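For reference, the structure is listed below as structure tokens.
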There are 2 protein chains.
Amino acid sequence: MNTNDGEIGLSSYPLPIQVGRRRMAIFAEDCFSPLGAKTAVCLIRYVPDEIVAVIDSTQAPSTVQDKLGFGGAVPIISSVAEAVALGADVFVLGTAPRGGLPTAVEIDAVAEALESGLHVMHGMHRFLGDDPELSALAEANEALIWDVRRPPALLAVSSGEPRSDCRVVMTVGSDCNTGKMTVGMELVLALRAEGIRAGFASSGQTGMMITGRGIPIDAVVADFLGGATEALVAGTAPGNDVVILEGQGSILHPGYAGVTIGMIAGALPHGLILCHQPTRKVIRNYQVAIPPLSELVNLYRSAVGGIYEPPVIGIALNTFDMCEDAARTAVETAERETGLPSTDPIRVGSDALVDGILRINR
Amino acid sequence: MNTNDGEIGLSSYPLPIQVGRRRMAIFAEDCFSPLGAKTAVCLIRYVPDEIVAVIDSTQAPSTVQDKLGFGGAVPIISSVAEAVALGADVFVLGTAPRGGLPTAVEIDAVAEALESGLHVMHGMHRFLGDDPELSALAEANEALIWDVRRPPALLAVSSGEPRSDCRVVMTVGSDCNTGKMTVGMELVLALRAEGIRAGFASSGQTGMMITGRGIPIDAVVADFLGGATEALVAGTAPGNDVVILEGQGSILHPGYAGVTIGMIAGALPHGLILCHQPTRKVIRNYQVAIPPLSELVNLYRSAVGGIYEPPVIGIALNTFDMCEDAARTAVETAERETGLPSTDPIRVGSDALVDGILRINR
């Protein structure tokens, strides 16, 4: 379980519980919502059978279904103690805050979970496994801490060579938190449903928690951004005809544009899928206006224009906050404005995008 | 000496010898040349009075002047022992290899230097101060190791706000190793000669070794690329009317494009100076062709086009490998093709670029 794939490879799931058999309690205190606890919501969407409870005392008692409209009877509870009583064996921090620092409340909850013998999985930039008190607690209780965002030790500068053994498709966004991870997962599932061998290259903590492998690209030292992305794709390619690479950040984001560009230049994907939330007009927490989709498609196409120009092959809209009519109109408008296949993969399905991926010429 | 500027701030020079009073021996074994040992050559150019010798047994005995055409009587010698005999107190690794790993020969030399009580300064990605053997040697001999590329502990995501208290000018390049650091230093010196208060924001190991401060941007975790650049500029701005920000990488470089873009998006400079070596037609070690300068100017202008479009205000050519006539022609051609002030700051001087900087409207 705790091995890397080759010399320069993926971070793999180090907890002594197989992916698929975990009993996770997700901590999302005072923030359990689609935008407030992205990691929590994505785990519920893709590995619901492994979730025993969500901890958010401000919304307990309730169910995940009540809050999200999916997730079934997974209960929302008030405390770590209740999670232990429900048989949880892994405690997960369900947030992915800007800056990646856990709150005091989160750290206290981690300590309580470790005291109860639960393993801990989290995606903060601050490595809890390096905290002397928490690591002592873990050791005393035979629990492990997976610092998901700890990058692999061995990385290289990228080669500049595009892959020729599979199609590489990268999800990119108008902003953070527009659905790049979710769209990627949906595309992999949809491709597999068509009998296509597709793999998901997780570049972020949530995808890594779901799949048990990947590289936390935004935690890699900047010089190795391209090389780490190339290694992530290389580690996902074997046995697959299509690799869906989860993008990070956005070229419109003053803080994260470098990560986005570094990934495109490193992976040299054959196509991009642009993820966008139609109701969002400005980058969250910033003054940057999101331009019309057709313009954004051109910006992405030319984002590393001196190196090559990857085609944008489809638009994935995130319409969770729109009514049915408005969502349908948004999809039609996107398709008309950009001339590209457009859909909301969650609401409508991914067929339009799958067709585009299969038409890519390497 | 060993303090940071505020909570989120610059890495500062931690050796117990004041900048300006060091007696440095620079190790450039089997590679002492302008392209082979960039760090060595730049230290010789900007702090020649602090260099007692260059160690390269393949070129010893000789002088730096003989090899570079500048640097005066600084001797090229064969061994660490000779450097000790010459009174060296700081041992510097003079290379900055792709990937940032020291060779076995370099590590042996570091060990020998530490055994002789010399402090060690190096810009590798691998932190020699974390090596148990080397750190034990350092302690036993009361020597210190400055891992220049160790980033500050506290960093933040960038704010997206351009500075209004000073002009920020960033040097960018057609490739790595085209003169971004050197041009930056020349501009600072030229601005100061005009009585302008100008500061140099070192983003790389060599500039940091010269000035004793800065942030090793390419060693920062990718999420904080923009924020670290913003902090670097903020730490340089006080007391200055112009900040010259040393850029990294190139938007044409598959491995490093993300670093370049992350810096532009984080610093939001008011103007860019494009550095280029006219004889270079292709990115070193890659298959990417360097486009005509006018096209590259447009690529840089639109590189973060969804956020803002910084003007390119001048071209700095690195003509060290051209004869006088060819160099003059290259400057004239660059000026005609781009319509921008062009010069080789080392060969001709920086006046043309200084004028452009002073004309920037904030």
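A note on labels: chains of the structure tokens are A, B, ... as shown, every chain counts residues from 1, and ligands are counted from 1 in their shown order.
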- request: Could you give me, as a count of residues only, each residue of segment 128-339 of chain B that DSSP assigns to strand (DSSP E) when run on this structure's backbone?
  value: 33
message: Taking only C-alpha atoms into account and nothing else, which residues of chain B lie no more than 9 Å away from chain A? Please answer as a PyMOL selection string.
response: chain B and resi 98-99+155-161+217-227+249+251-268+285-291+295-296+299+302-308
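Note that the spacing between atom CA of Pro341 of chain A and atom CA of Gly314 of chain A amounts to 4.9 Å.
Here atom CA of Pro75 of chain B stands at a distance of 8.1 Å from atom CA of Ala60 of chain B.
Each of B:Gln65, B:Asn361, B:Thr338, B:Ser294 was compared to Asp165 of chain B using only C-alpha atoms, and B:Asn361 turns out to be the nearest.
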- prompt: Please, what distance in Å, to one decimal, runs between atom CA of Ala153 of chain A and atom CA of Gly117 of chain A?
  reply: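 Atom CA of Ala153 of chain A sits 28.0 Å away from atom CA of Gly117 of chain A.
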message: Excluding segment 138-142 of chain A and its own-chain neighbours fewer than 5 positions away, which residues fall within 10 Å of it when counting only C-alpha atoms? Please give them as a ChimeraX atom specification.
response: /A:110-111,113-120,129,132-133
Write a file of the selected residues as an mmCIF file, in the first residue's frame, keeping N, CA and C atoms.
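Writing the result to result35.cif gives the following:
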data_model
loop_
_atom_site.group_PDB
_atom_site.id
_atom_site.type_symbol
_atom_site.label_atom_id
_atom_site.label_comp_id
_atom_site.auth_asym_id
_atom_site.auth_seq_id
_atom_site.Cartn_x
_atom_site.Cartn_y
_atom_site.Cartn_z
ATOM 1 N N VAL A 110 -8.747 16.726 15.429
ATOM 2 C CA VAL A 110 -7.756 15.724 15.011
ATOM 3 C C VAL A 110 -7.178 15.029 16.238
ATOM 4 N N ALA A 111 -6.837 15.811 17.254
ATOM 5 C CA ALA A 111 -6.271 15.235 18.479
ATOM 6 C C ALA A 111 -7.263 14.259 19.109
ATOM 7 N N ALA A 113 -9.647 12.641 17.628
ATOM 8 C CA ALA A 113 -9.772 11.459 16.767
ATOM 9 C C ALA A 113 -8.602 10.509 16.994
ATOM 10 N N LEU A 114 -7.405 11.062 17.069
ATOM 11 C CA LEU A 114 -6.221 10.221 17.292
ATOM 12 C C LEU A 114 -6.304 9.532 18.650
ATOM 13 N N GLU A 115 -6.752 10.270 19.651
ATOM 14 C CA GLU A 115 -6.908 9.672 20.997
ATOM 15 C C GLU A 115 -7.863 8.485 20.974
ATOM 16 N N SER A 116 -8.817 8.540 20.037
ATOM 17 C CA SER A 116 -9.771 7.437 19.918
ATOM 18 C C SER A 116 -9.271 6.347 18.975
ATOM 19 N N GLY A 117 -8.041 6.510 18.490
ATOM 20 C CA GLY A 117 -7.464 5.467 17.646
ATOM 21 C C GLY A 117 -7.841 5.556 16.177
ATOM 22 N N LEU A 118 -8.507 6.632 15.786
ATOM 23 C CA LEU A 118 -8.825 6.789 14.363
ATOM 24 C C LEU A 118 -7.577 7.244 13.603
ATOM 25 N N HIS A 119 -7.400 6.735 12.390
ATOM 26 C CA HIS A 119 -6.400 7.292 11.497
ATOM 27 C C HIS A 119 -6.893 8.649 11.004
ATOM 28 N N VAL A 120 -5.948 9.503 10.586
ATOM 29 C CA VAL A 120 -6.323 10.851 10.155
ATOM 30 C C VAL A 120 -5.829 11.104 8.741
ATOM 31 N N GLY A 129 1.334 15.568 10.539
ATOM 32 C CA GLY A 129 2.236 14.489 10.937
ATOM 33 C C GLY A 129 3.569 14.995 11.471
ATOM 34 N N PRO A 132 4.686 17.671 16.802
ATOM 35 C CA PRO A 132 5.165 16.714 17.810
ATOM 36 C C PRO A 132 4.028 16.147 18.662
ATOM 37 N N GLU A 133 3.094 16.992 19.077
ATOM 38 C CA GLU A 133 2.012 16.499 19.943
ATOM 39 C C GLU A 133 1.103 15.534 19.194
#
message: If we count only C-alpha atoms and set the cut-off at 9 Å, which residues sit around Val312 of chain A, ignoring sequence neighbours fewer than 3 positions away in its own chain? Please answer as a PyMOL selection string.
response: chain A and resi 271-274+297-298+300-301+315+340
Produce a file of the selected residues containing all heavy atoms, as a PDB file, in the first residue's frame.
ATOM      1  N   GLY A 271      -5.912  17.904 -25.022  1.00  0.00           N
ATOM      2  CA  GLY A 271      -7.123  18.709 -25.029  1.00  0.00           C
ATOM      3  C   GLY A 271      -7.445  19.200 -23.632  1.00  0.00           C
ATOM      4  O   GLY A 271      -6.998  18.628 -22.630  1.00  0.00           O
ATOM      5  N   LEU A 272      -8.193  20.295 -23.565  1.00  0.00           N
ATOM      6  CA  LEU A 272      -8.614  20.870 -22.288  1.00  0.00           C
ATOM      7  C   LEU A 272     -10.146  20.857 -22.218  1.00  0.00           C
ATOM      8  O   LEU A 272     -10.825  21.061 -23.223  1.00  0.00           O
ATOM      9  CB  LEU A 272      -8.137  22.328 -22.172  1.00  0.00           C
ATOM     10  CG  LEU A 272      -6.647  22.615 -22.375  1.00  0.00           C
ATOM     11  CD1 LEU A 272      -6.396  24.128 -22.307  1.00  0.00           C
ATOM     12  CD2 LEU A 272      -5.811  21.889 -21.328  1.00  0.00           C
ATOM     13  N   ILE A 273     -10.667  20.605 -21.036  1.00  0.00           N
ATOM     14  CA  ILE A 273     -12.094  20.777 -20.766  1.00  0.00           C
ATOM     15  C   ILE A 273     -12.208  21.960 -19.811  1.00  0.00           C
ATOM     16  O   ILE A 273     -11.605  21.939 -18.730  1.00  0.00           O
ATOM     17  CB  ILE A 273     -12.701  19.519 -20.089  1.00  0.00           C
ATOM     18  CG1 ILE A 273     -12.502  18.265 -20.939  1.00  0.00           C
ATOM     19  CG2 ILE A 273     -14.167  19.764 -19.724  1.00  0.00           C
ATOM     20  CD1 ILE A 273     -13.510  18.053 -22.026  1.00  0.00           C
ATOM     21  N   LEU A 274     -12.966  22.969 -20.214  1.00  0.00           N
ATOM     22  CA  LEU A 274     -13.081  24.192 -19.420  1.00  0.00           C
ATOM     23  C   LEU A 274     -14.281  24.108 -18.476  1.00  0.00           C
ATOM     24  O   LEU A 274     -15.419  23.946 -18.927  1.00  0.00           O
ATOM     25  CB  LEU A 274     -13.216  25.406 -20.348  1.00  0.00           C
ATOM     26  CG  LEU A 274     -13.466  26.762 -19.682  1.00  0.00           C
ATOM     27  CD1 LEU A 274     -12.362  27.105 -18.686  1.00  0.00           C
ATOM     28  CD2 LEU A 274     -13.594  27.858 -20.740  1.00  0.00           C
ATOM     29  N   VAL A 297     -11.912  30.657 -23.559  1.00  0.00           N
ATOM     30  CA  VAL A 297     -11.424  29.535 -24.372  1.00  0.00           C
ATOM     31  C   VAL A 297     -10.160  29.957 -25.121  1.00  0.00           C
ATOM     32  O   VAL A 297      -9.161  29.226 -25.148  1.00  0.00           O
ATOM     33  CB  VAL A 297     -12.517  29.056 -25.351  1.00  0.00           C
ATOM     34  CG1 VAL A 297     -11.917  28.185 -26.452  1.00  0.00           C
ATOM     35  CG2 VAL A 297     -13.617  28.317 -24.597  1.00  0.00           C
ATOM     36  N   ASN A 298     -10.189  31.143 -25.692  1.00  0.00           N
ATOM     37  CA  ASN A 298      -9.007  31.624 -26.417  1.00  0.00           C
ATOM     38  C   ASN A 298      -7.829  31.863 -25.483  1.00  0.00           C
ATOM     39  O   ASN A 298      -6.682  31.576 -25.830  1.00  0.00           O
ATOM     40  CB  ASN A 298      -9.336  32.911 -27.180  1.00  0.00           C
ATOM     41  CG  ASN A 298     -10.228  32.639 -28.374  1.00  0.00           C
ATOM     42  OD1 ASN A 298     -10.238  31.524 -28.910  1.00  0.00           O
ATOM     43  ND2 ASN A 298     -11.001  33.631 -28.785  1.00  0.00           N
ATOM     44  N   TYR A 300      -7.177  30.248 -22.751  1.00  0.00           N
ATOM     45  CA  TYR A 300      -6.591  28.939 -22.427  1.00  0.00           C
ATOM     46  C   TYR A 300      -5.843  28.358 -23.621  1.00  0.00           C
ATOM     47  O   TYR A 300      -4.767  27.780 -23.475  1.00  0.00           O
ATOM     48  CB  TYR A 300      -7.651  27.956 -21.915  1.00  0.00           C
ATOM     49  CG  TYR A 300      -7.725  27.946 -20.403  1.00  0.00           C
ATOM     50  CD1 TYR A 300      -8.827  28.461 -19.735  1.00  0.00           C
ATOM     51  CD2 TYR A 300      -6.662  27.452 -19.652  1.00  0.00           C
ATOM     52  CE1 TYR A 300      -8.872  28.477 -18.339  1.00  0.00           C
ATOM     53  CE2 TYR A 300      -6.701  27.468 -18.273  1.00  0.00           C
ATOM     54  CZ  TYR A 300      -7.804  27.973 -17.617  1.00  0.00           C
ATOM     55  OH  TYR A 300      -7.831  27.988 -16.252  1.00  0.00           O
ATOM     56  N   ARG A 301      -6.430  28.509 -24.783  1.00  0.00           N
ATOM     57  CA  ARG A 301      -5.768  27.965 -25.971  1.00  0.00           C
ATOM     58  C   ARG A 301      -4.375  28.571 -26.150  1.00  0.00           C
ATOM     59  O   ARG A 301      -3.425  27.886 -26.521  1.00  0.00           O
ATOM     60  CB  ARG A 301      -6.623  28.219 -27.215  1.00  0.00           C
ATOM     61  CG  ARG A 301      -5.988  27.657 -28.449  1.00  0.00           C
ATOM     62  CD  ARG A 301      -6.895  27.512 -29.647  1.00  0.00           C
ATOM     63  NE  ARG A 301      -6.120  26.971 -30.743  1.00  0.00           N
ATOM     64  CZ  ARG A 301      -5.950  25.679 -30.970  1.00  0.00           C
ATOM     65  NH1 ARG A 301      -6.541  24.791 -30.222  1.00  0.00           N
ATOM     66  NH2 ARG A 301      -5.189  25.261 -31.962  1.00  0.00           N
ATOM     67  N   ILE A 315     -16.968  22.286 -22.792  1.00  0.00           N
ATOM     68  CA  ILE A 315     -17.262  23.152 -21.647  1.00  0.00           C
ATOM     69  C   ILE A 315     -18.077  22.347 -20.637  1.00  0.00           C
ATOM     70  O   ILE A 315     -19.088  21.736 -20.996  1.00  0.00           O
ATOM     71  CB  ILE A 315     -18.103  24.378 -22.081  1.00  0.00           C
ATOM     72  CG1 ILE A 315     -17.480  25.081 -23.290  1.00  0.00           C
ATOM     73  CG2 ILE A 315     -18.315  25.326 -20.899  1.00  0.00           C
ATOM     74  CD1 ILE A 315     -16.220  25.831 -23.020  1.00  0.00           C
ATOM     75  N   LEU A 340     -18.520  24.852 -28.845  1.00  0.00           N
ATOM     76  CA  LEU A 340     -17.972  23.609 -28.293  1.00  0.00           C
ATOM     77  C   LEU A 340     -19.061  22.808 -27.579  1.00  0.00           C
ATOM     78  O   LEU A 340     -20.011  23.381 -27.051  1.00  0.00           O
ATOM     79  CB  LEU A 340     -16.863  23.936 -27.286  1.00  0.00           C
ATOM     80  CG  LEU A 340     -15.600  24.561 -27.871  1.00  0.00           C
ATOM     81  CD1 LEU A 340     -14.688  25.062 -26.752  1.00  0.00           C
ATOM     82  CD2 LEU A 340     -14.866  23.549 -28.745  1.00  0.00           C
TER      83      LEU A 340
END
task: For segment 185-190 of chain A, please output as a PyMOL selection string all residues within 12 Å (counting only C-alpha atoms; exclusion window: fewer than 6 positions along the same chain).
output: chain A and resi 42-43+45-47+168-171+179+196-202+206-208+210-211+240-247+273+314+316+343-358
Please write the residues from the selection above to a file, keeping C-alpha atoms, as a short mmCIF file (atom, residue, chain, number, x, y, z; two decimals), in the first residue's frame.
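What landed in again32.cif:
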data_model
loop_
_atom_site.label_atom_id
_atom_site.label_comp_id
_atom_site.auth_asym_id
_atom_site.auth_seq_id
_atom_site.Cartn_x
_atom_site.Cartn_y
_atom_site.Cartn_z
CA CYS A 42 -16.65 15.22 -3.14
CA LEU A 43 -15.89 12.25 -0.90
CA ARG A 45 -20.26 12.00 -4.06
CA TYR A 46 -17.66 9.44 -5.14
CA VAL A 47 -17.15 7.08 -2.20
CA VAL A 168 -4.24 13.29 -22.06
CA VAL A 169 -7.17 15.57 -21.26
CA MET A 170 -6.88 18.20 -18.55
CA THR A 171 -9.72 19.92 -16.76
CA GLY A 179 -15.63 21.58 -10.71
CA ILE A 196 -12.70 2.98 -22.72
CA ARG A 197 -9.70 2.39 -20.44
CA ALA A 198 -9.53 5.70 -18.58
CA GLY A 199 -7.50 6.74 -15.56
CA PHE A 200 -7.84 9.70 -13.24
CA ALA A 201 -4.67 11.63 -12.45
CA SER A 202 -5.41 13.32 -9.12
CA THR A 206 -9.62 15.42 -2.59
CA GLY A 207 -9.01 13.30 -5.65
CA MET A 208 -6.11 11.69 -3.83
CA ILE A 210 -10.91 9.34 -3.15
CA THR A 211 -8.54 7.29 -5.29
CA ASN A 240 -5.14 3.43 -19.99
CA ASP A 241 -6.11 4.90 -23.36
CA VAL A 242 -7.20 8.16 -21.82
CA VAL A 243 -5.76 9.99 -18.81
CA ILE A 244 -7.98 12.65 -17.31
CA LEU A 245 -5.72 15.08 -15.51
CA GLU A 246 -7.30 17.13 -12.75
CA GLY A 247 -6.24 20.76 -13.23
CA ILE A 273 -12.09 20.78 -20.77
CA GLY A 314 -15.60 21.08 -24.34
CA ALA A 316 -18.37 21.68 -18.31
CA THR A 343 -22.92 20.18 -20.56
CA ASP A 344 -23.27 20.01 -16.81
CA PRO A 345 -21.80 16.55 -16.22
CA ILE A 346 -23.53 16.18 -12.85
CA ARG A 347 -26.94 17.45 -13.90
CA VAL A 348 -27.10 16.35 -17.52
CA GLY A 349 -24.31 13.82 -18.06
CA SER A 350 -20.96 13.72 -19.78
CA ASP A 351 -21.75 12.22 -23.19
CA ALA A 352 -21.11 15.43 -25.12
CA LEU A 353 -17.62 15.65 -23.63
CA VAL A 354 -16.81 11.96 -24.07
CA ASP A 355 -17.41 12.25 -27.81
CA GLY A 356 -14.96 15.14 -27.98
CA ILE A 357 -12.31 13.19 -26.11
CA LEU A 358 -12.60 10.21 -28.45
#
